[in-house]
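Raw contents of model_36.tsv, TSV, C-alpha atoms:
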```
chain	number	residue	atom	x	y	z
M	1	MET	CA	0.00	0.00	0.00
M	2	ARG	CA	1.13	3.52	-0.75
M	3	THR	CA	2.37	5.76	2.04
M	4	GLN	CA	0.74	9.15	2.39
M	5	GLU	CA	3.91	10.78	1.07
M	6	GLN	CA	3.75	8.60	-2.04
M	7	THR	CA	0.09	9.52	-2.49
M	8	LEU	CA	0.96	13.17	-2.11
M	9	GLY	CA	3.73	12.89	-4.69
M	10	GLU	CA	1.41	11.27	-7.20
M	11	ILE	CA	-1.24	13.95	-6.61
M	12	LEU	CA	1.28	16.71	-7.26
M	13	GLN	CA	2.41	14.97	-10.44
M	14	LEU	CA	-1.15	14.43	-11.69
M	15	ALA	CA	-2.15	18.02	-10.92
M	16	ALA	CA	0.92	19.34	-12.73
M	17	GLU	CA	0.19	17.21	-15.78
M	18	HIS	CA	-3.54	17.95	-15.87
M	19	PHE	CA	-3.20	21.70	-15.54
M	20	LYS	CA	0.07	21.85	-17.47
M	21	VAL	CA	2.24	23.49	-14.83
M	22	PRO	CA	5.82	22.48	-13.99
M	23	ARG	CA	5.82	19.86	-11.23
M	24	GLU	CA	8.59	21.66	-9.36
M	25	LYS	CA	6.36	24.72	-8.96
M	26	LEU	CA	3.92	22.79	-6.75
M	27	THR	CA	4.42	22.14	-3.04
M	28	PRO	CA	2.28	20.13	-0.58
M	29	GLU	CA	1.06	23.20	1.31
M	30	ASP	CA	0.02	25.11	-1.79
M	31	ASP	CA	-3.56	26.32	-2.09
M	32	PHE	CA	-4.32	24.51	-5.32
M	33	PHE	CA	-7.11	26.88	-6.31
M	34	GLU	CA	-4.69	29.76	-6.10
M	35	LYS	CA	-1.56	28.03	-7.38
M	36	LEU	CA	-3.26	26.35	-10.33
M	37	GLY	CA	-5.66	29.24	-10.94
M	38	ILE	CA	-8.64	26.92	-11.07
M	39	ASP	CA	-12.33	27.24	-10.25
M	40	SER	CA	-14.71	24.77	-8.63
M	41	LEU	CA	-15.49	22.99	-11.92
M	42	GLN	CA	-11.79	22.51	-12.61
M	43	ALA	CA	-11.36	21.24	-9.06
M	44	LEU	CA	-13.93	18.59	-9.91
M	45	GLU	CA	-11.80	17.66	-12.93
M	46	LEU	CA	-8.87	17.17	-10.59
M	47	LEU	CA	-11.05	15.10	-8.26
M	48	THR	CA	-12.13	12.87	-11.16
M	49	ARG	CA	-8.55	12.52	-12.34
M	50	LEU	CA	-7.47	11.48	-8.84
M	51	GLU	CA	-10.38	9.05	-8.38
M	52	ASN	CA	-9.55	7.39	-11.68
M	53	HIS	CA	-5.86	7.17	-10.83
M	54	PHE	CA	-6.22	5.86	-7.28
M	55	HIS	CA	-9.37	3.80	-7.98
M	56	VAL	CA	-11.21	5.39	-5.07
M	57	GLU	CA	-14.37	7.43	-4.66
M	58	LEU	CA	-14.03	10.68	-2.79
M	59	PRO	CA	-17.42	12.34	-2.15
M	60	ASP	CA	-17.16	15.96	-3.15
M	61	TYR	CA	-18.59	17.13	0.17
M	62	GLU	CA	-15.41	15.79	1.76
M	63	MET	CA	-13.53	18.15	-0.54
M	64	GLN	CA	-15.53	21.15	0.67
M	65	GLY	CA	-13.06	23.38	2.45
M	66	VAL	CA	-10.02	21.42	1.28
M	67	SER	CA	-7.69	23.59	-0.73
M	68	ASP	CA	-4.15	22.26	-0.16
M	69	PHE	CA	-2.49	19.18	-1.61
M	70	ARG	CA	-1.46	17.68	1.72
M	71	THR	CA	-5.02	17.61	3.11
M	72	LEU	CA	-6.22	16.27	-0.22
M	73	ALA	CA	-3.67	13.46	0.08
M	74	GLN	CA	-4.95	12.66	3.58
M	75	ARG	CA	-8.52	12.40	2.29
M	76	ILE	CA	-7.48	10.05	-0.49
M	77	GLN	CA	-5.27	7.99	1.81
M	78	GLU	CA	-8.29	7.37	4.04
M	79	ARG	CA	-10.04	5.74	1.08
M	80	LEU	CA	-7.19	3.58	-0.23
O	1	MET	CA	-27.48	18.94	-44.16
O	2	ALA	CA	-29.74	21.40	-42.33
O	3	GLU	CA	-28.14	23.47	-39.56
O	4	ARG	CA	-29.54	25.98	-37.07
O	5	ARG	CA	-27.42	28.03	-34.70
O	6	PRO	CA	-29.31	30.09	-32.11
O	7	LYS	CA	-27.67	31.36	-28.88
O	8	ALA	CA	-27.75	28.35	-26.59
O	9	LEU	CA	-27.82	25.39	-28.90
O	10	SER	CA	-27.72	24.27	-32.51
O	11	TRP	CA	-28.82	21.21	-34.36
O	12	GLN	CA	-28.17	19.51	-37.62
O	13	LEU	CA	-29.11	16.32	-39.39
O	14	VAL	CA	-26.02	14.28	-40.26
O	15	ASP	CA	-26.33	10.90	-41.97
O	16	GLY	CA	-29.74	10.27	-40.44
O	17	THR	CA	-28.78	11.41	-36.95
O	18	VAL	CA	-30.09	14.62	-35.40
O	19	GLU	CA	-27.16	16.11	-33.50
O	20	LEU	CA	-28.17	18.62	-30.83
O	21	GLN	CA	-25.21	20.63	-29.59
O	22	LEU	CA	-25.50	22.74	-26.41
O	23	HIS	CA	-23.14	25.70	-26.33
O	24	ARG	CA	-24.25	28.30	-23.84
O	25	ALA	CA	-21.37	29.39	-21.58
O	26	PRO	CA	-20.35	28.87	-18.91
O	27	CYS	CA	-21.75	25.33	-18.85
O	28	ASN	CA	-25.11	25.16	-20.63
O	29	GLU	CA	-27.14	26.29	-17.64
O	30	ILE	CA	-30.84	25.81	-18.27
O	31	GLY	CA	-32.67	29.10	-17.91
O	32	THR	CA	-35.22	30.93	-20.02
O	33	THR	CA	-32.94	31.25	-23.06
O	34	MET	CA	-31.98	27.57	-23.11
O	35	LEU	CA	-35.58	26.56	-22.48
O	36	ALA	CA	-36.94	28.70	-25.33
O	37	GLU	CA	-34.41	27.23	-27.73
O	38	LEU	CA	-35.08	23.68	-26.55
O	39	GLU	CA	-38.75	24.35	-27.30
O	40	GLN	CA	-37.82	25.48	-30.80
O	41	PHE	CA	-35.76	22.34	-31.23
O	42	VAL	CA	-38.59	20.10	-30.06
O	43	ALA	CA	-40.97	21.88	-32.47
O	44	ALA	CA	-38.52	21.16	-35.30
O	45	LEU	CA	-38.20	17.49	-34.40
O	46	ASP	CA	-41.49	16.64	-36.09
O	47	GLU	CA	-40.05	17.75	-39.42
O	48	LEU	CA	-36.85	15.78	-38.83
O	49	ARG	CA	-38.52	12.56	-37.74
O	50	ASP	CA	-38.99	11.00	-41.17
O	51	ASP	CA	-35.41	11.69	-42.26
O	52	ALA	CA	-33.76	10.62	-39.02
O	53	HIS	CA	-33.12	7.34	-37.27
O	54	ALA	CA	-31.37	8.61	-34.10
O	55	MET	CA	-30.52	11.66	-32.02
O	56	ILE	CA	-27.38	12.66	-30.15
O	57	VAL	CA	-27.32	15.35	-27.46
O	58	TYR	CA	-23.89	16.71	-26.59
O	59	SER	CA	-22.07	19.81	-25.40
O	60	GLY	CA	-19.72	21.92	-27.47
O	61	LEU	CA	-18.15	23.39	-24.33
O	62	ASP	CA	-15.03	22.08	-22.60
O	63	ALA	CA	-16.58	22.60	-19.16
O	64	GLY	CA	-18.97	19.73	-19.59
O	65	PHE	CA	-22.37	18.51	-20.68
O	66	CYS	CA	-24.55	20.78	-18.55
O	67	ALA	CA	-24.24	22.22	-15.04
O	68	GLY	CA	-28.02	22.25	-14.50
O	69	ALA	CA	-30.61	24.92	-13.93
O	70	ASP	CA	-29.57	28.55	-14.11
O	71	LEU	CA	-29.78	29.26	-10.37
O	72	ARG	CA	-28.63	32.85	-10.74
O	73	GLU	CA	-31.49	33.59	-13.09
O	74	LEU	CA	-33.90	31.74	-10.81
O	75	TYR	CA	-32.81	33.72	-7.76
O	76	ALA	CA	-32.88	37.05	-9.61
O	77	GLY	CA	-36.37	36.29	-10.90
O	78	MET	CA	-37.52	35.46	-7.39
O	79	GLN	CA	-36.51	38.92	-6.19
O	80	GLU	CA	-38.66	40.70	-8.75
O	81	VAL	CA	-42.06	39.33	-7.76
O	82	SER	CA	-44.14	38.42	-4.72
O	83	ALA	CA	-43.82	35.04	-3.03
O	84	LEU	CA	-47.08	33.85	-4.60
O	85	GLU	CA	-46.18	35.07	-8.06
O	86	ARG	CA	-42.75	33.48	-7.95
O	87	ILE	CA	-44.18	30.03	-7.29
O	88	ASP	CA	-46.62	30.45	-10.17
O	89	ALA	CA	-43.78	31.57	-12.43
O	90	VAL	CA	-41.57	28.66	-11.43
O	91	ARG	CA	-44.44	26.21	-11.86
O	92	ALA	CA	-45.04	27.57	-15.37
O	93	PHE	CA	-41.33	27.20	-16.18
O	94	LEU	CA	-41.34	23.64	-14.86
O	95	HIS	CA	-44.36	22.69	-16.98
O	96	ARG	CA	-42.57	24.05	-20.06
O	97	ILE	CA	-39.31	22.20	-19.35
O	98	HIS	CA	-41.25	19.02	-18.56
O	99	ALA	CA	-43.00	19.30	-21.92
O	100	VAL	CA	-39.58	19.49	-23.59
O	101	MET	CA	-38.19	16.60	-21.58
O	102	ASN	CA	-41.26	14.45	-22.23
O	103	ALA	CA	-41.09	15.15	-25.96
O	104	LEU	CA	-37.43	14.15	-26.09
O	105	ASP	CA	-38.11	11.11	-23.91
O	106	ALA	CA	-40.91	9.98	-26.22
O	107	TRP	CA	-39.16	10.66	-29.53
O	108	PRO	CA	-39.58	7.42	-31.43
O	109	HIS	CA	-35.98	7.01	-32.55
O	110	PRO	CA	-33.11	6.03	-30.23
O	111	THR	CA	-31.54	8.97	-28.41
O	112	ILE	CA	-28.01	9.15	-27.05
O	113	ALA	CA	-26.45	11.58	-24.59
O	114	ALA	CA	-22.71	11.99	-25.20
O	115	VAL	CA	-21.41	13.24	-21.87
O	116	HIS	CA	-18.12	14.75	-20.78
O	117	GLY	CA	-17.29	16.86	-17.73
O	118	VAL	CA	-20.07	17.94	-15.40
O	119	CYS	CA	-23.55	16.52	-15.84
O	120	PHE	CA	-25.31	18.02	-12.84
O	121	GLY	CA	-28.88	18.67	-11.82
O	122	GLY	CA	-30.91	19.69	-14.86
O	123	GLY	CA	-28.06	18.46	-17.04
O	124	LEU	CA	-28.41	14.98	-15.61
O	125	GLU	CA	-32.16	15.26	-16.05
O	126	LEU	CA	-31.59	16.04	-19.73
O	127	ALA	CA	-29.24	13.07	-20.09
O	128	LEU	CA	-31.81	10.84	-18.38
O	129	VAL	CA	-34.42	11.46	-21.08
O	130	CYS	CA	-32.02	9.88	-23.55
O	131	ASP	CA	-32.11	6.13	-24.15
O	132	ILE	CA	-28.37	5.61	-23.84
O	133	ILE	CA	-25.74	7.61	-21.98
O	134	VAL	CA	-22.24	7.44	-23.41
O	135	ALA	CA	-19.77	9.04	-21.02
O	136	ASP	CA	-16.08	9.64	-21.06
O	137	ARG	CA	-14.00	8.82	-18.00
O	138	MET	CA	-13.81	12.44	-16.87
O	139	ALA	CA	-17.60	12.88	-16.66
O	140	ARG	CA	-19.33	13.42	-13.31
O	141	PHE	CA	-23.00	13.02	-12.44
O	142	CYS	CA	-24.81	14.69	-9.59
O	143	PHE	CA	-28.14	15.82	-8.19
O	144	PRO	CA	-27.01	18.61	-5.81
O	145	GLU	CA	-30.50	20.03	-5.25
O	146	LEU	CA	-30.95	18.78	-1.68
O	147	ARG	CA	-27.87	20.76	-0.70
O	148	LEU	CA	-29.97	23.85	-1.45
O	149	GLY	CA	-33.15	22.54	0.17
O	150	LEU	CA	-34.76	21.43	-3.08
O	151	VAL	CA	-35.36	18.30	-5.11
O	152	PRO	CA	-34.63	17.95	-8.83
O	153	GLY	CA	-37.45	19.65	-10.72
O	154	PHE	CA	-37.00	18.72	-14.38
O	155	GLY	CA	-38.08	15.09	-14.01
O	156	GLY	CA	-34.92	13.74	-12.43
O	157	ILE	CA	-36.27	11.58	-9.63
O	158	PRO	CA	-38.88	9.62	-11.61
O	159	ARG	CA	-36.47	9.04	-14.49
O	160	LEU	CA	-33.57	8.06	-12.24
O	161	LYS	CA	-35.90	5.61	-10.45
O	162	ARG	CA	-36.91	4.26	-13.84
O	163	ASP	CA	-33.32	3.52	-14.76
O	164	ILE	CA	-31.41	2.43	-11.66
O	165	GLY	CA	-31.85	0.89	-8.22
O	166	ASN	CA	-33.45	2.86	-5.43
O	167	GLY	CA	-30.38	2.52	-3.20
O	168	VAL	CA	-28.27	4.40	-5.71
O	169	VAL	CA	-31.02	6.99	-6.16
O	170	ARG	CA	-31.03	7.59	-2.40
O	171	ASP	CA	-27.24	7.81	-2.24
O	172	LEU	CA	-27.18	10.36	-5.04
O	173	LEU	CA	-30.11	12.45	-3.83
O	174	LEU	CA	-29.73	12.36	-0.06
O	175	THR	CA	-25.99	13.07	-0.01
O	176	GLY	CA	-25.93	15.38	-3.03
O	177	ARG	CA	-22.59	13.86	-3.96
O	178	SER	CA	-21.34	13.43	-7.48
O	179	LEU	CA	-20.43	10.12	-9.08
O	180	ASN	CA	-17.58	9.70	-11.49
O	181	ALA	CA	-18.29	8.01	-14.80
O	182	THR	CA	-16.73	4.70	-13.78
O	183	ARG	CA	-19.07	4.44	-10.80
O	184	ALA	CA	-22.03	5.68	-12.87
O	185	HIS	CA	-21.29	2.93	-15.37
O	186	ALA	CA	-21.04	0.33	-12.61
O	187	VAL	CA	-24.50	1.23	-11.26
O	188	GLY	CA	-26.10	1.24	-14.71
O	189	LEU	CA	-26.60	4.95	-15.21
O	190	VAL	CA	-24.03	5.09	-18.00
O	191	GLY	CA	-24.48	2.60	-20.81
O	192	GLN	CA	-21.08	2.97	-22.44
O	193	LEU	CA	-17.92	4.17	-20.73
O	194	VAL	CA	-15.29	5.50	-23.12
O	195	SER	CA	-11.86	7.06	-22.98
O	196	GLU	CA	-11.44	10.76	-22.42
O	197	GLY	CA	-12.61	12.91	-25.30
O	198	ASN	CA	-14.31	10.10	-27.19
O	199	ALA	CA	-17.93	10.27	-26.03
O	200	LEU	CA	-19.23	11.99	-29.16
O	201	LYS	CA	-17.27	9.71	-31.48
O	202	VAL	CA	-18.69	6.61	-29.79
O	203	ALA	CA	-22.17	8.13	-29.72
O	204	ARG	CA	-21.97	8.60	-33.50
O	205	THR	CA	-20.86	4.99	-33.96
O	206	THR	CA	-23.78	3.90	-31.77
O	207	ALA	CA	-26.19	6.07	-33.74
O	208	ALA	CA	-24.98	4.47	-36.98
O	209	GLN	CA	-25.53	1.03	-35.46
O	210	VAL	CA	-29.12	1.70	-34.36
O	211	GLY	CA	-29.80	3.09	-37.83
O	212	LYS	CA	-29.36	-0.40	-39.29
O	213	PHE	CA	-32.54	-1.62	-37.61
O	214	ASP	CA	-36.14	-1.31	-38.72
O	215	ARG	CA	-37.44	2.02	-37.40
O	216	THR	CA	-40.93	0.81	-36.62
O	217	THR	CA	-39.56	-2.06	-34.55
O	218	ALA	CA	-37.13	0.22	-32.73
O	219	ALA	CA	-39.92	2.68	-31.93
O	220	ALA	CA	-42.20	-0.09	-30.66
O	221	ALA	CA	-39.42	-1.55	-28.51
O	222	LYS	CA	-38.58	1.83	-27.07
O	223	GLU	CA	-42.18	2.60	-26.16
O	224	PHE	CA	-42.50	-0.83	-24.52
O	225	ILE	CA	-39.35	-0.66	-22.39
O	226	LYS	CA	-39.30	3.04	-21.52
O	227	PRO	CA	-42.65	4.24	-20.20
O	228	ILE	CA	-42.83	7.88	-19.17
O	229	PRO	CA	-43.81	8.16	-15.47
O	230	HIS	CA	-46.32	10.98	-15.99
O	231	ALA	CA	-48.01	10.84	-12.56
O	232	GLU	CA	-44.69	10.99	-10.69
O	233	LEU	CA	-43.47	13.80	-12.93
O	234	GLN	CA	-46.51	15.88	-12.03
O	235	ARG	CA	-45.98	15.14	-8.34
O	236	GLU	CA	-42.35	16.20	-8.66
O	237	ILE	CA	-43.37	19.62	-10.00
O	238	GLU	CA	-45.66	20.20	-7.04
O	239	LEU	CA	-43.06	18.97	-4.53
O	240	PHE	CA	-40.45	21.29	-6.03
O	241	CYS	CA	-42.83	24.26	-5.77
O	242	GLU	CA	-43.77	23.40	-2.17
O	243	LEU	CA	-40.11	23.27	-1.17
O	244	LEU	CA	-39.16	26.40	-3.09
O	245	ALA	CA	-41.77	28.40	-1.16
O	246	ARG	CA	-39.81	28.01	2.09
O	247	PRO	CA	-37.63	30.95	3.20
O	248	ALA	CA	-34.74	28.58	3.95
O	249	VAL	CA	-34.48	27.73	0.26
O	250	GLU	CA	-34.38	31.36	-0.78
O	251	GLU	CA	-31.62	31.92	1.77
O	252	ALA	CA	-29.63	28.94	0.48
O	253	LEU	CA	-30.00	30.19	-3.09
O	254	ARG	CA	-28.92	33.67	-2.00
O	255	LYS	CA	-25.78	32.29	-0.37
O	256	PHE	CA	-25.02	30.21	-3.43
O	257	VAL	CA	-25.44	32.90	-6.07
O	258	GLN	CA	-23.82	35.68	-4.02
O	259	SER	CA	-20.82	33.63	-2.95
O	260	ASN	CA	-17.50	34.94	-4.16
O	261	GLU	CA	-15.66	31.87	-2.93
O	262	VAL	CA	-13.86	29.64	-5.40
O	263	GLN	CA	-15.97	26.82	-4.04
O	264	PRO	CA	-19.55	28.16	-4.11
O	265	TYR	CA	-21.63	27.74	-0.98
O	266	LEU	CA	-22.97	24.21	-0.62
O	267	PRO	CA	-23.65	22.61	2.76
```
For this file, produce the structure as structure tokens.
Amino acid sequence: MRTQEQTLGEILQLAAEHFKVPREKLTPEDDFFEKLGIDSLQALELLTRLENHFHVELPDYEMQGVSDFRTLAQRIQERL
Amino acid sequence: MAERRPKALSWQLVDGTVELQLHRAPCNEIGTTMLAELEQFVAALDELRDDAHAMIVYSGLDAGFCAGADLRELYAGMQEVSALERIDAVRAFLHRIHAVMNALDAWPHPTIAAVHGVCFGGGLELALVCDIIVADRMARFCFPELRLGLVPGFGGIPRLKRDIGNGVVRDLLLTGRSLNATRAHAVGLVGQLVSEGNALKVARTTAAQVGKFDRTTAAAAKEFIKPIPHAELQREIELFCELLARPAVEEALRKFVQSNEVQPYLP
């Protein structure tokens, strides 16, 4: 099973690829709305991308209020 | 090839398939403009029926299939009239959209929704009138209405109950959560799950396939297996209007439409 740090690393990589930003520009504590310049619909795209990658379901109400990659990784780790 | 291109949607007949494209930014919200053009489309369907064997509904916008009812327009309209008048106005709107949905539902030829991105609320209700939903892996499906104190009002509950198990209906409605396309396929909401960006292509292949069959037989089969739940649809309109009349709903709508947060207000 993945560690939370591995999950976090994969999330950062997927986010960078999906929104076409350099991976090295993203850090775990970043506010991804701000750093990626995305809105709520694009956040849902990221959620779908992550669900497909990790083969989990993450109800979007659990994402309400989550805006940094590290907390996002925790939420996903709880479902792995 | 005949093509029309009003503000919110366009349609054309291509190789026997009526292709209805939605293209009203930001994400095909269903308000008075979309409704009026859907009514024009439905009126034109009679003329297209003899030359067509299938229909595809899809979005021309990257954001997705349809984000649902235009809540900003709904809230703004509510502020302009008295409480009694607003319910009458909403009820009239609902009867018009139900007439559109019922006409699409009952169209005798096979209908296919090609879905990508968000398919929420009224958007999901539009997809549910189609016989087959083809979705790409990035699509998401949701009935968020309960999060605002409402129920779906465009025929969503009766049609969802028609298509999938009640446990899934309850999960979707009572939590207001969205399902990804893989899950939606697993529970039977999505007929065909396809790779990203290929929903329309597969929908066209599917439309070509259904065009090989005898049209009379296809129409008879469709009518037999897909009854329209008229009584429940009428009840849904009244339930929606009863719920909308409560001050708590107006307050939830106000918070939603006036929110400047990146994530709009949703409990």
At a cut-off of 9 Å, using all atoms listed in the file, what residues contact Arg70 in chain M? Leave out same-chain residues fewer than 2 positions from it and give the result as a ChimeraX atom specification.
/M:4-5,8,27-30,67-68,72-75
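By chain and then residue number, the residues within 12 Å of Arg235 in chain O are Arg91, Leu94, His95, His98, Val151, Pro152, Gly153, Phe154, Gly155, Gly156, Ile157, Pro158, Pro229, His230, Ala231, Glu232, Glu238, Leu239, Phe240, Cys241 and Glu242 of chain O, counting all atoms listed in the file and disregarding those fewer than 3 positions away in sequence.
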For chain M against chain O, which residues fall within 7 Å using only C-alpha atoms, given as a VMD selection string?
chain M and resid 39 to 40 45 48 to 49 59 to 61
Within 12 Å of Thr205 in chain O, counting all atoms listed in the file, which residues qualify if same-chain residues fewer than 6 places away don't, as a ChimeraX atom specification?
/O:15,17,54-56,112,114,134,192,198-199,211-212
In Å, with one decimal, what is the gap from CA of Lys226 in chain O to CA of Gly197 in chain O?
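Distance between the two atoms: 28.7 Å.
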Fewer than 6 positions away in the same chain doesn't count, so skip those; otherwise give me all residues within 10 Å of Phe19 in chain M, counting all atoms listed in the file, as number ranges by chain.
M: 36-38, 42, 45-46
First collect every listed atom of range 229-241 of chain O; then fit an axis-aligned box around them, widen it by 8 Å on each side, and give centre and edge lengths in Å to one decimal, as JSON.
```
{"center_x": -44.2, "center_y": 16.2, "center_z": -10.3, "size_x": 23.6, "size_y": 32.1, "size_z": 27.5}
```
Exercise: residues within 10 Å of coordinate (-35.6, 26.4, 3.1), counting all atoms listed in the file, as an MDAnalysis selection string
chainID O and resid 148:150 243:253
Å distance separating CA of Met34 in chain O from CA of Pro108 in chain O, one decimal place
23.1 Å
Could you tell me how far CA of Arg96 in chain O sits from CA of Arg49 in chain O, in Å to one decimal place?
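Separation between CA of Arg49 in chain O and CA of Arg96 in chain O: 21.5 Å.
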Residue contacts of Met1 in chain M (10 Å, all atoms listed in the file) excluding same-chain residues fewer than 4 positions away, as a CSV table (one decimal) with C-alpha atoms, keeping the file's coordinate frame:
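Written file, selection28.csv:
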```csv
chain,number,residue,atom,x,y,z
M,6,GLN,CA,3.8,8.6,-2.0
M,7,THR,CA,0.1,9.5,-2.5
M,77,GLN,CA,-5.3,8.0,1.8
M,80,LEU,CA,-7.2,3.6,-0.2
```
All heavy atoms for range 43-51 of chain M, written as an mmCIF file, in the frame of the given file, could you do that?
```cif
data_model
loop_
_atom_site.group_PDB
_atom_site.id
_atom_site.type_symbol
_atom_site.label_atom_id
_atom_site.label_comp_id
_atom_site.auth_asym_id
_atom_site.auth_seq_id
_atom_site.Cartn_x
_atom_site.Cartn_y
_atom_site.Cartn_z
ATOM 1 N N ALA M 43 -11.699 22.070 -10.219
ATOM 2 C CA ALA M 43 -11.360 21.240 -9.060
ATOM 3 C C ALA M 43 -12.041 19.882 -9.150
ATOM 4 O O ALA M 43 -11.480 18.857 -8.744
ATOM 5 C CB ALA M 43 -11.763 21.954 -7.769
ATOM 6 N N LEU M 44 -13.248 19.870 -9.706
ATOM 7 C CA LEU M 44 -13.930 18.590 -9.910
ATOM 8 C C LEU M 44 -13.193 17.736 -10.955
ATOM 9 O O LEU M 44 -13.162 16.517 -10.859
ATOM 10 C CB LEU M 44 -15.375 18.820 -10.369
ATOM 11 C CG LEU M 44 -16.371 19.181 -9.281
ATOM 12 C CD1 LEU M 44 -17.721 19.529 -9.889
ATOM 13 C CD2 LEU M 44 -16.539 18.037 -8.284
ATOM 14 N N GLU M 45 -12.619 18.399 -11.958
ATOM 15 C CA GLU M 45 -11.800 17.660 -12.930
ATOM 16 C C GLU M 45 -10.633 16.987 -12.228
ATOM 17 O O GLU M 45 -10.313 15.824 -12.491
ATOM 18 C CB GLU M 45 -11.216 18.610 -13.989
ATOM 19 C CG GLU M 45 -12.179 19.071 -15.041
ATOM 20 C CD GLU M 45 -11.493 20.024 -16.021
ATOM 21 O OE1 GLU M 45 -10.245 19.981 -16.154
ATOM 22 O OE2 GLU M 45 -12.193 20.827 -16.633
ATOM 23 N N LEU M 46 -10.006 17.738 -11.335
ATOM 24 C CA LEU M 46 -8.870 17.170 -10.590
ATOM 25 C C LEU M 46 -9.350 15.999 -9.729
ATOM 26 O O LEU M 46 -8.688 14.952 -9.680
ATOM 27 C CB LEU M 46 -8.233 18.262 -9.712
ATOM 28 C CG LEU M 46 -7.078 17.820 -8.817
ATOM 29 C CD1 LEU M 46 -5.922 17.244 -9.650
ATOM 30 C CD2 LEU M 46 -6.570 18.994 -7.964
ATOM 31 N N LEU M 47 -10.497 16.178 -9.084
ATOM 32 C CA LEU M 47 -11.050 15.100 -8.260
ATOM 33 C C LEU M 47 -11.278 13.832 -9.103
ATOM 34 O O LEU M 47 -10.928 12.719 -8.695
ATOM 35 C CB LEU M 47 -12.364 15.560 -7.624
ATOM 36 C CG LEU M 47 -13.147 14.526 -6.826
ATOM 37 C CD1 LEU M 47 -12.355 14.025 -5.634
ATOM 38 C CD2 LEU M 47 -14.490 15.110 -6.365
ATOM 39 N N THR M 48 -11.867 14.024 -10.277
ATOM 40 C CA THR M 48 -12.130 12.870 -11.160
ATOM 41 C C THR M 48 -10.823 12.213 -11.588
ATOM 42 O O THR M 48 -10.699 10.985 -11.601
ATOM 43 C CB THR M 48 -12.927 13.314 -12.395
ATOM 44 O OG1 THR M 48 -14.068 14.058 -11.980
ATOM 45 C CG2 THR M 48 -13.379 12.107 -13.213
ATOM 46 N N ARG M 49 -9.859 13.043 -11.934
ATOM 47 C CA ARG M 49 -8.550 12.520 -12.340
ATOM 48 C C ARG M 49 -7.942 11.683 -11.204
ATOM 49 O O ARG M 49 -7.417 10.593 -11.437
ATOM 50 C CB ARG M 49 -7.628 13.704 -12.692
ATOM 51 C CG ARG M 49 -6.253 13.354 -13.142
ATOM 52 C CD ARG M 49 -6.204 12.818 -14.545
ATOM 53 N NE ARG M 49 -6.533 13.815 -15.554
ATOM 54 C CZ ARG M 49 -6.928 13.512 -16.794
ATOM 55 N NH1 ARG M 49 -7.052 12.262 -17.172
ATOM 56 N NH2 ARG M 49 -7.210 14.461 -17.665
ATOM 57 N N LEU M 50 -8.047 12.190 -9.985
ATOM 58 C CA LEU M 50 -7.470 11.480 -8.840
ATOM 59 C C LEU M 50 -8.250 10.195 -8.540
ATOM 60 O O LEU M 50 -7.651 9.159 -8.248
ATOM 61 C CB LEU M 50 -7.461 12.396 -7.603
ATOM 62 C CG LEU M 50 -6.608 13.662 -7.725
ATOM 63 C CD1 LEU M 50 -6.762 14.527 -6.482
ATOM 64 C CD2 LEU M 50 -5.151 13.318 -7.956
ATOM 65 N N GLU M 51 -9.570 10.263 -8.616
ATOM 66 C CA GLU M 51 -10.380 9.050 -8.380
ATOM 67 C C GLU M 51 -10.026 7.968 -9.392
ATOM 68 O O GLU M 51 -9.907 6.786 -9.043
ATOM 69 C CB GLU M 51 -11.871 9.386 -8.476
ATOM 70 C CG GLU M 51 -12.410 10.153 -7.282
ATOM 71 C CD GLU M 51 -13.904 10.376 -7.378
ATOM 72 O OE1 GLU M 51 -14.431 10.455 -8.530
ATOM 73 O OE2 GLU M 51 -14.558 10.492 -6.334
#
```
